[in-house]
Structure formats: C-alpha cells, structure tokens
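So this block is entry_18.pdb, PDB, C-alpha atoms:
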```pdb
ATOM      1  CA  MET A  16       8.488  34.863   4.031
ATOM      2  CA  ALA A  17       5.117  36.505   3.341
ATOM      3  CA  GLN A  18       2.807  34.595   1.012
ATOM      4  CA  PRO A  19      -0.352  35.923  -0.641
ATOM      5  CA  THR A  20      -3.380  34.740   1.309
ATOM      6  CA  SER A  21      -5.081  33.464  -1.869
ATOM      7  CA  THR A  22      -2.296  30.933  -2.463
ATOM      8  CA  LEU A  23      -3.492  27.337  -2.253
ATOM      9  CA  TYR A  24      -1.538  24.494  -0.712
ATOM     10  CA  ALA A  25      -2.245  20.782  -0.989
ATOM     11  CA  LEU A  26      -0.632  17.790   0.662
ATOM     12  CA  ASP A  27      -0.106  14.662  -1.420
ATOM     13  CA  PRO A  28      -3.302  12.672  -0.681
ATOM     14  CA  ALA A  29      -1.393   9.388  -0.923
ATOM     15  CA  LEU A  30       0.661  10.276   2.149
ATOM     16  CA  PRO A  31      -0.845   9.580   5.578
ATOM     17  CA  VAL A  32      -0.427  12.035   8.441
ATOM     18  CA  LEU A  33       0.619  10.239  11.634
ATOM     19  CA  LEU A  34       1.108  11.448  15.206
ATOM     20  CA  ARG A  35       4.339  10.281  16.821
ATOM     21  CA  PRO A  36       4.933   9.780  20.559
ATOM     22  CA  ASP A  37       7.854  12.258  20.501
ATOM     23  CA  GLY A  38       5.540  15.189  19.642
ATOM     24  CA  ALA A  39       6.364  15.271  15.938
ATOM     25  CA  VAL A  40       3.963  14.653  13.067
ATOM     26  CA  GLN A  41       5.041  12.199  10.375
ATOM     27  CA  VAL A  42       3.927  12.616   6.757
ATOM     28  CA  GLY A  43       4.299   9.339   4.831
ATOM     29  CA  TRP A  44       4.637   5.655   5.698
ATOM     30  CA  SER A  45       8.235   4.897   4.836
ATOM     31  CA  PRO A  46      10.702   5.482   7.683
ATOM     32  CA  ARG A  47      13.358   6.415   5.095
ATOM     33  CA  ARG A  48      11.284   8.880   3.067
ATOM     34  CA  ALA A  49       8.759  10.129   5.623
ATOM     35  CA  VAL A  50       8.990  13.765   6.652
ATOM     36  CA  LEU A  51       8.929  14.679  10.352
ATOM     37  CA  ILE A  52       7.416  18.029  11.222
ATOM     38  CA  HIS A  53       7.487  19.640  14.651
ATOM     39  CA  PRO A  54       4.557  21.946  15.436
ATOM     40  CA  PRO A  55       5.254  25.685  15.419
ATOM     41  CA  ARG A  56       5.097  27.567  18.720
ATOM     42  CA  GLY A  57       1.495  27.792  19.916
ATOM     43  CA  MET A  58       0.282  24.705  18.032
ATOM     44  CA  THR A  59      -0.199  21.192  19.397
ATOM     45  CA  PRO A  60       0.873  18.063  17.493
ATOM     46  CA  LEU A  61      -2.803  17.100  17.146
ATOM     47  CA  GLY A  62      -3.619  20.563  15.781
ATOM     48  CA  LEU A  63      -0.798  20.250  13.242
ATOM     49  CA  ALA A  64      -1.974  16.781  12.197
ATOM     50  CA  MET A  65      -5.529  18.060  11.695
ATOM     51  CA  LEU A  66      -4.216  21.006   9.667
ATOM     52  CA  LEU A  67      -2.164  18.698   7.447
ATOM     53  CA  ARG A  68      -5.087  16.307   6.940
ATOM     54  CA  ALA A  69      -7.238  19.263   5.863
ATOM     55  CA  MET A  70      -4.638  19.886   3.154
ATOM     56  CA  HIS A  71      -5.384  16.598   1.358
ATOM     57  CA  SER A  72      -7.396  18.817  -0.987
ATOM     58  CA  PRO A  73      -6.208  22.322  -1.987
ATOM     59  CA  VAL A  74      -6.795  24.889   0.769
ATOM     60  CA  ALA A  75      -6.198  28.658   0.721
ATOM     61  CA  LEU A  76      -3.428  29.933   2.960
ATOM     62  CA  SER A  77      -5.913  32.288   4.648
ATOM     63  CA  GLU A  78      -8.134  29.317   5.599
ATOM     64  CA  LEU A  79      -5.123  27.436   6.936
ATOM     65  CA  GLN A  80      -4.124  30.424   9.054
ATOM     66  CA  VAL A  81      -7.593  30.629  10.620
ATOM     67  CA  GLN A  82      -7.497  26.903  11.408
ATOM     68  CA  ALA A  83      -3.891  26.922  12.666
ATOM     69  CA  GLY A  84      -4.109  29.939  14.940
ATOM     70  CA  VAL A  85      -0.433  30.839  14.407
ATOM     71  CA  SER A  86       1.207  33.894  12.854
ATOM     72  CA  ALA A  87       1.390  34.301   9.084
ATOM     73  CA  GLU A  88       5.199  34.100   9.241
ATOM     74  CA  GLU A  89       5.175  30.787  11.126
ATOM     75  CA  LEU A  90       2.557  29.316   8.803
ATOM     76  CA  GLY A  91       4.469  30.549   5.739
ATOM     77  CA  ALA A  92       7.646  28.916   7.061
ATOM     78  CA  LEU A  93       5.748  25.667   7.692
ATOM     79  CA  MET A  94       4.319  25.675   4.144
ATOM     80  CA  ALA A  95       7.768  26.405   2.690
ATOM     81  CA  GLN A  96       9.167  23.459   4.682
ATOM     82  CA  LEU A  97       6.428  21.137   3.360
ATOM     83  CA  VAL A  98       6.931  22.251  -0.252
ATOM     84  CA  ALA A  99      10.736  21.940   0.022
ATOM     85  CA  ALA A 100      10.339  18.406   1.428
ATOM     86  CA  GLY A 101       8.157  17.453  -1.553
ATOM     87  CA  VAL A 102       5.068  16.444   0.432
ATOM     88  CA  ALA A 103       2.993  19.526  -0.419
ATOM     89  CA  ARG A 104       2.543  21.624  -3.507
ATOM     90  CA  ARG A 105       1.645  25.228  -4.037
ATOM     91  CA  GLY A 106      -0.810  26.116  -6.753
ATOM     92  CA  ARG A 107      -4.241  27.325  -7.655
ATOM     93  CA  ARG A 108      -7.649  25.747  -8.049
ATOM     94  CA  GLN A 109      -8.117  23.840 -11.254
ATOM     95  CA  ARG A 110     -11.256  23.143 -13.179
ATOM     96  CA  PRO A 111     -13.025  20.016 -12.016
ATOM     97  CA  VAL A 112     -11.833  16.978 -13.930
ATOM     98  CA  ARG A 113     -14.333  14.466 -15.239
ATOM     99  CA  SER A 114     -14.233  11.217 -13.363
ATOM    100  CA  ALA A 115     -13.473   7.983 -15.159
ATOM    101  CA  SER A 116     -16.369   5.953 -16.504
ATOM    102  CA  ILE A 117     -16.038   2.197 -15.987
ATOM    103  CA  ARG A 118     -18.349  -0.607 -17.096
ATOM    104  CA  VAL A 119     -18.102  -3.998 -15.403
ATOM    105  CA  HIS A 120     -19.434  -6.917 -17.434
ATOM    106  CA  GLY A 121     -21.077  -9.907 -15.823
ATOM    107  CA  ARG A 122     -22.768 -10.795 -12.559
ATOM    108  CA  GLY A 123     -21.501 -12.691  -9.581
ATOM    109  CA  PRO A 124     -19.545 -12.243  -6.380
ATOM    110  CA  LEU A 125     -16.345 -11.050  -8.078
ATOM    111  CA  SER A 126     -18.030  -8.455 -10.296
ATOM    112  CA  GLU A 127     -20.188  -7.232  -7.383
ATOM    113  CA  LEU A 128     -17.086  -6.799  -5.221
ATOM    114  CA  LEU A 129     -15.307  -5.001  -8.061
ATOM    115  CA  VAL A 130     -18.244  -2.636  -8.632
ATOM    116  CA  GLU A 131     -18.487  -1.868  -4.914
ATOM    117  CA  GLY A 132     -14.771  -1.120  -4.680
ATOM    118  CA  LEU A 133     -14.771   1.076  -7.768
ATOM    119  CA  ARG A 134     -17.707   3.150  -6.554
ATOM    120  CA  CYS A 135     -15.611   4.238  -3.576
ATOM    121  CA  SER A 136     -12.921   5.528  -5.967
ATOM    122  CA  GLY A 137     -15.043   8.346  -7.349
ATOM    123  CA  ALA A 138     -15.371   6.739 -10.777
ATOM    124  CA  ARG A 139     -18.726   6.472 -12.530
ATOM    125  CA  VAL A 140     -19.414   2.730 -12.498
ATOM    126  CA  LYS A 141     -21.992   0.840 -14.528
ATOM    127  CA  GLN A 142     -22.615  -2.858 -14.616
ATOM    128  CA  SER A 143     -23.922  -4.673 -17.675
ATOM    129  CA  SER A 144     -27.224  -6.430 -17.247
ATOM    130  CA  HIS A 145     -26.463  -9.046 -19.892
ATOM    131  CA  PRO A 146     -24.863 -12.199 -18.518
ATOM    132  CA  HIS A 147     -22.680 -12.729 -21.628
ATOM    133  CA  ALA A 148     -21.885  -9.092 -22.496
TER     134      ALA A 148
END
```
Take the structure I supplied and represent it as structure tokens, if you would.
Amino acid sequence: MAQPTSTLYALDPALPVLLRPDGAVQVGWSPRRAVLIHPPRGMTPLGLAMLLRAMHSPVALSELQVQAGVSAEELGALMAQLVAAGVARRGRRQRPVRSASIRVHGRGPLSELLVEGLRCSGARVKQSSHPHA
C-alpha cells in the first residue's frame, strides 16, 4: 500500500510505548486494550519503540521512513496497522492552537504546587498577587 510521503501520522500521546521481553512493542497500558506490534524485518524492537515515541506529535511519512530504515511498503503496512488498531491517526498539520490561560488566586503551598503543575501542562499560568483576590 503506497502512501504519499507528505502524509502525517501521529500516535495518541496518552498511550505509552513499552518494550516487552518477547520482542514486541506494546502501545498502551491496559493489557486488554493495548496493541502489540512486532518490528518489521530489518528493525529492532528498540528502533520501533523510538519510532513510535517520535510519533507522539505529527510526523511526515518521509521522515519516519528515514528514521526507520525500512522499505516504504513495510512502513506503509505498519502505519496501516497502527491506524486500524486505533492508536495512530493519519492527517495533516493543523494551525497552532492557543494554549489555555489560567489564573490561580491566592498564595501558599497549595497554590504554588498548583501553579507549578499547570506550567508543565503548556497552559499560560498567572498567579494573583492579591491575597484575597
């Protein structure tokens, strides 16, 4: 199945990519819903895991092929398998979305912890300087 090289693929960022002792790569935590993927010929399990982790943000198929080092047919089959399993999606780049703006009122250990945690989320965080705001 030949895919255009400009096609983008992205793995669901909420799903972890885990190496298994049997040589497979597991996408997802749940044993019931996780997807097991065996590396294509010429690719190691670690190489497959690194490729899948790179897909946590949309990546062009041509970039994936350079990183994977496998044939276009094998990579296309792998992407089709991921999309069919529901762990990856095919699409195109979208305009950047504005991040959420959050204001935390008050000072103290709880508000400081909240502000610190929210800053890691990518949201724009502000903290009020008034104690009773």
task = State, in Å with one decimal place, the distance from CA of Ala138 (chain A) to CA of Leu30 (chain A).
result = 20.9 Å
task = Would you list the residues near (-13.5, 10.0, -7.5) (no more than 12 Å away, in the coordinates of the file, using only C-alpha atoms) as number ranges by chain?
result = A: 111-117, 132-140
query = What is the CA of Arg56 (chain A)-CA of Gly106 (chain A) distance in Å, reported with one decimal?
reply = 26.2 Å
Within-12 Å shell of (1.8, 16.1, 10.1) in input frame, only C-alpha atoms, as a PyMOL selection string = chain A and resi 26-27+30-35+38-44+49-55+58-71+93-94+96-97+102-103
Go ahead and save the picked residues with C-alpha atoms, as a PDB file, in the frame of the given file.
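The file below, out_15.pdb, is the result:
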```
ATOM      1  CA  LEU A  26      -0.632  17.790   0.662  1.00  0.00           C
ATOM      2  CA  ASP A  27      -0.106  14.662  -1.420  1.00  0.00           C
ATOM      3  CA  LEU A  30       0.661  10.276   2.149  1.00  0.00           C
ATOM      4  CA  PRO A  31      -0.845   9.580   5.578  1.00  0.00           C
ATOM      5  CA  VAL A  32      -0.427  12.035   8.441  1.00  0.00           C
ATOM      6  CA  LEU A  33       0.619  10.239  11.634  1.00  0.00           C
ATOM      7  CA  LEU A  34       1.108  11.448  15.206  1.00  0.00           C
ATOM      8  CA  ARG A  35       4.339  10.281  16.821  1.00  0.00           C
ATOM      9  CA  GLY A  38       5.540  15.189  19.642  1.00  0.00           C
ATOM     10  CA  ALA A  39       6.364  15.271  15.938  1.00  0.00           C
ATOM     11  CA  VAL A  40       3.963  14.653  13.067  1.00  0.00           C
ATOM     12  CA  GLN A  41       5.041  12.199  10.375  1.00  0.00           C
ATOM     13  CA  VAL A  42       3.927  12.616   6.757  1.00  0.00           C
ATOM     14  CA  GLY A  43       4.299   9.339   4.831  1.00  0.00           C
ATOM     15  CA  TRP A  44       4.637   5.655   5.698  1.00  0.00           C
ATOM     16  CA  ALA A  49       8.759  10.129   5.623  1.00  0.00           C
ATOM     17  CA  VAL A  50       8.990  13.765   6.652  1.00  0.00           C
ATOM     18  CA  LEU A  51       8.929  14.679  10.352  1.00  0.00           C
ATOM     19  CA  ILE A  52       7.416  18.029  11.222  1.00  0.00           C
ATOM     20  CA  HIS A  53       7.487  19.640  14.651  1.00  0.00           C
ATOM     21  CA  PRO A  54       4.557  21.946  15.436  1.00  0.00           C
ATOM     22  CA  PRO A  55       5.254  25.685  15.419  1.00  0.00           C
ATOM     23  CA  MET A  58       0.282  24.705  18.032  1.00  0.00           C
ATOM     24  CA  THR A  59      -0.199  21.192  19.397  1.00  0.00           C
ATOM     25  CA  PRO A  60       0.873  18.063  17.493  1.00  0.00           C
ATOM     26  CA  LEU A  61      -2.803  17.100  17.146  1.00  0.00           C
ATOM     27  CA  GLY A  62      -3.619  20.563  15.781  1.00  0.00           C
ATOM     28  CA  LEU A  63      -0.798  20.250  13.242  1.00  0.00           C
ATOM     29  CA  ALA A  64      -1.974  16.781  12.197  1.00  0.00           C
ATOM     30  CA  MET A  65      -5.529  18.060  11.695  1.00  0.00           C
ATOM     31  CA  LEU A  66      -4.216  21.006   9.667  1.00  0.00           C
ATOM     32  CA  LEU A  67      -2.164  18.698   7.447  1.00  0.00           C
ATOM     33  CA  ARG A  68      -5.087  16.307   6.940  1.00  0.00           C
ATOM     34  CA  ALA A  69      -7.238  19.263   5.863  1.00  0.00           C
ATOM     35  CA  MET A  70      -4.638  19.886   3.154  1.00  0.00           C
ATOM     36  CA  HIS A  71      -5.384  16.598   1.358  1.00  0.00           C
ATOM     37  CA  LEU A  93       5.748  25.667   7.692  1.00  0.00           C
ATOM     38  CA  MET A  94       4.319  25.675   4.144  1.00  0.00           C
ATOM     39  CA  GLN A  96       9.167  23.459   4.682  1.00  0.00           C
ATOM     40  CA  LEU A  97       6.428  21.137   3.360  1.00  0.00           C
ATOM     41  CA  VAL A 102       5.068  16.444   0.432  1.00  0.00           C
ATOM     42  CA  ALA A 103       2.993  19.526  -0.419  1.00  0.00           C
TER      43      ALA A 103
END
```
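In this comparison, which uses all atoms listed in the file, the residue of A:Tyr24, A:Ser45, A:Val81, A:Pro73 approaching Val98 (chain A) most closely is A:Tyr24.
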ask   = CA of Thr22 (chain A) to CA of Gln82 (chain A): how many Å, to one decimal?
value = 15.4 Å
Identify, on the basis of all atoms listed in the file, every residue whose closest approach to Ala75 (chain A) does not exceed 6 Å; exclude the query and any residue fewer than 2 positions from it along the same chain; express the result as an mmCIF file with C-alpha atoms, in the coordinates of the input.
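Resulting contents of selection.cif:
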```cif
data_model
loop_
_atom_site.group_PDB
_atom_site.id
_atom_site.type_symbol
_atom_site.label_atom_id
_atom_site.label_comp_id
_atom_site.auth_asym_id
_atom_site.auth_seq_id
_atom_site.Cartn_x
_atom_site.Cartn_y
_atom_site.Cartn_z
ATOM 1 C CA SER A 21 -5.081 33.464 -1.869
ATOM 2 C CA THR A 22 -2.296 30.933 -2.463
ATOM 3 C CA LEU A 23 -3.492 27.337 -2.253
ATOM 4 C CA SER A 77 -5.913 32.288 4.648
ATOM 5 C CA GLU A 78 -8.134 29.317 5.599
#
```
request  = Can you turn the PyMOL selection byres ((chain A and resi 85) around 8) into a concrete residue list for this file, as JSON, numbers by chain?
outcome  = {"A": [55, 56, 57, 58, 80, 83, 84, 86, 87, 89, 90]}
Limited to C-alpha atoms, could you put the picked residues into a file as a PDB file, in the frame of the given file?
```pdb
ATOM      1  CA  PRO A  55       5.254  25.685  15.419  1.00  0.00           C
ATOM      2  CA  ARG A  56       5.097  27.567  18.720  1.00  0.00           C
ATOM      3  CA  GLY A  57       1.495  27.792  19.916  1.00  0.00           C
ATOM      4  CA  MET A  58       0.282  24.705  18.032  1.00  0.00           C
ATOM      5  CA  GLN A  80      -4.124  30.424   9.054  1.00  0.00           C
ATOM      6  CA  ALA A  83      -3.891  26.922  12.666  1.00  0.00           C
ATOM      7  CA  GLY A  84      -4.109  29.939  14.940  1.00  0.00           C
ATOM      8  CA  SER A  86       1.207  33.894  12.854  1.00  0.00           C
ATOM      9  CA  ALA A  87       1.390  34.301   9.084  1.00  0.00           C
ATOM     10  CA  GLU A  89       5.175  30.787  11.126  1.00  0.00           C
ATOM     11  CA  LEU A  90       2.557  29.316   8.803  1.00  0.00           C
TER      12      LEU A  90
END
```
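Each of A:Val119, A:Leu125, A:Ala100, A:Val130 was compared to Arg48 (chain A) using only C-alpha atoms, and A:Ala100 turns out to be the nearest.
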Can you patch up region 88-123 of chain A, filling it in to N, CA and C atoms, and show the result as a compact mmCIF listing (two decimals), in the coordinates of the input?
```txt
# COMPACT_ATOMS: atom_id res chain seq x y z
N GLU A 88 3.79 34.43 9.49
CA GLU A 88 5.20 34.10 9.24
C GLU A 88 5.48 32.64 9.57
N GLU A 89 4.96 32.19 10.73
CA GLU A 89 5.18 30.79 11.13
C GLU A 89 4.49 29.83 10.16
N LEU A 90 3.27 30.17 9.74
CA LEU A 90 2.56 29.32 8.80
C LEU A 90 3.25 29.32 7.44
N GLY A 91 3.73 30.47 7.00
CA GLY A 91 4.47 30.55 5.74
C GLY A 91 5.73 29.71 5.77
N ALA A 92 6.44 29.73 6.91
CA ALA A 92 7.65 28.92 7.06
C ALA A 92 7.30 27.43 7.04
N LEU A 93 6.19 27.06 7.69
CA LEU A 93 5.75 25.67 7.69
C LEU A 93 5.41 25.20 6.28
N MET A 94 4.68 26.04 5.52
CA MET A 94 4.32 25.68 4.14
C MET A 94 5.56 25.56 3.27
N ALA A 95 6.52 26.47 3.45
CA ALA A 95 7.77 26.40 2.69
C ALA A 95 8.52 25.11 3.00
N GLN A 96 8.51 24.70 4.27
CA GLN A 96 9.17 23.46 4.68
C GLN A 96 8.49 22.26 4.01
N LEU A 97 7.16 22.25 3.97
CA LEU A 97 6.43 21.14 3.36
C LEU A 97 6.68 21.06 1.86
N VAL A 98 6.69 22.22 1.19
CA VAL A 98 6.93 22.25 -0.25
C VAL A 98 8.36 21.81 -0.55
N ALA A 99 9.33 22.31 0.23
CA ALA A 99 10.74 21.94 0.02
C ALA A 99 10.96 20.45 0.24
N ALA A 100 10.20 19.85 1.15
CA ALA A 100 10.34 18.41 1.43
C ALA A 100 9.64 17.56 0.37
N GLY A 101 8.83 18.19 -0.48
CA GLY A 101 8.16 17.45 -1.55
C GLY A 101 6.86 16.77 -1.16
N VAL A 102 6.32 17.08 0.01
CA VAL A 102 5.07 16.44 0.43
C VAL A 102 3.86 17.33 0.18
N ALA A 103 4.09 18.61 -0.11
CA ALA A 103 2.99 19.53 -0.42
C ALA A 103 3.34 20.28 -1.69
N ARG A 104 2.31 20.80 -2.33
CA ARG A 104 2.54 21.62 -3.51
C ARG A 104 1.75 22.91 -3.38
N ARG A 105 2.28 23.91 -4.02
CA ARG A 105 1.64 25.23 -4.04
C ARG A 105 1.02 25.41 -5.41
N GLY A 106 -0.18 25.94 -5.45
CA GLY A 106 -0.81 26.12 -6.75
C GLY A 106 -2.09 26.90 -6.65
N ARG A 107 -2.95 26.66 -7.63
CA ARG A 107 -4.24 27.32 -7.66
C ARG A 107 -5.30 26.30 -8.00
N ARG A 108 -6.54 26.66 -7.77
CA ARG A 108 -7.65 25.75 -8.05
C ARG A 108 -7.72 25.47 -9.54
N GLN A 109 -7.97 24.23 -9.86
CA GLN A 109 -8.12 23.84 -11.25
C GLN A 109 -9.57 23.52 -11.53
N ARG A 110 -9.90 23.52 -12.80
CA ARG A 110 -11.26 23.14 -13.18
C ARG A 110 -11.49 21.71 -12.74
N PRO A 111 -12.73 21.40 -12.39
CA PRO A 111 -13.02 20.02 -12.02
C PRO A 111 -12.75 19.08 -13.20
N VAL A 112 -12.15 17.97 -12.91
CA VAL A 112 -11.83 16.98 -13.93
C VAL A 112 -12.94 15.93 -13.95
N ARG A 113 -13.31 15.50 -15.14
CA ARG A 113 -14.33 14.47 -15.24
C ARG A 113 -13.80 13.17 -14.65
N SER A 114 -14.65 12.49 -13.94
CA SER A 114 -14.23 11.22 -13.36
C SER A 114 -14.28 10.13 -14.44
N ALA A 115 -13.53 9.10 -14.21
CA ALA A 115 -13.47 7.98 -15.16
C ALA A 115 -14.82 7.27 -15.19
N SER A 116 -15.15 6.73 -16.35
CA SER A 116 -16.37 5.95 -16.50
C SER A 116 -15.96 4.50 -16.75
N ILE A 117 -16.44 3.61 -15.91
CA ILE A 117 -16.04 2.20 -15.99
C ILE A 117 -17.28 1.33 -16.08
N ARG A 118 -17.25 0.35 -16.98
CA ARG A 118 -18.35 -0.61 -17.10
C ARG A 118 -17.80 -1.99 -16.75
N VAL A 119 -18.47 -2.64 -15.81
CA VAL A 119 -18.10 -4.00 -15.40
C VAL A 119 -19.10 -4.95 -16.04
N HIS A 120 -18.58 -5.94 -16.75
CA HIS A 120 -19.43 -6.92 -17.43
C HIS A 120 -19.59 -8.17 -16.58
N GLY A 121 -20.81 -8.66 -16.52
CA GLY A 121 -21.08 -9.91 -15.82
C GLY A 121 -21.66 -9.70 -14.44
N ARG A 122 -22.18 -10.79 -13.90
CA ARG A 122 -22.77 -10.80 -12.56
C ARG A 122 -22.07 -11.87 -11.74
N GLY A 123 -22.10 -11.70 -10.47
CA GLY A 123 -21.50 -12.69 -9.58
C GLY A 123 -20.74 -12.02 -8.47
```
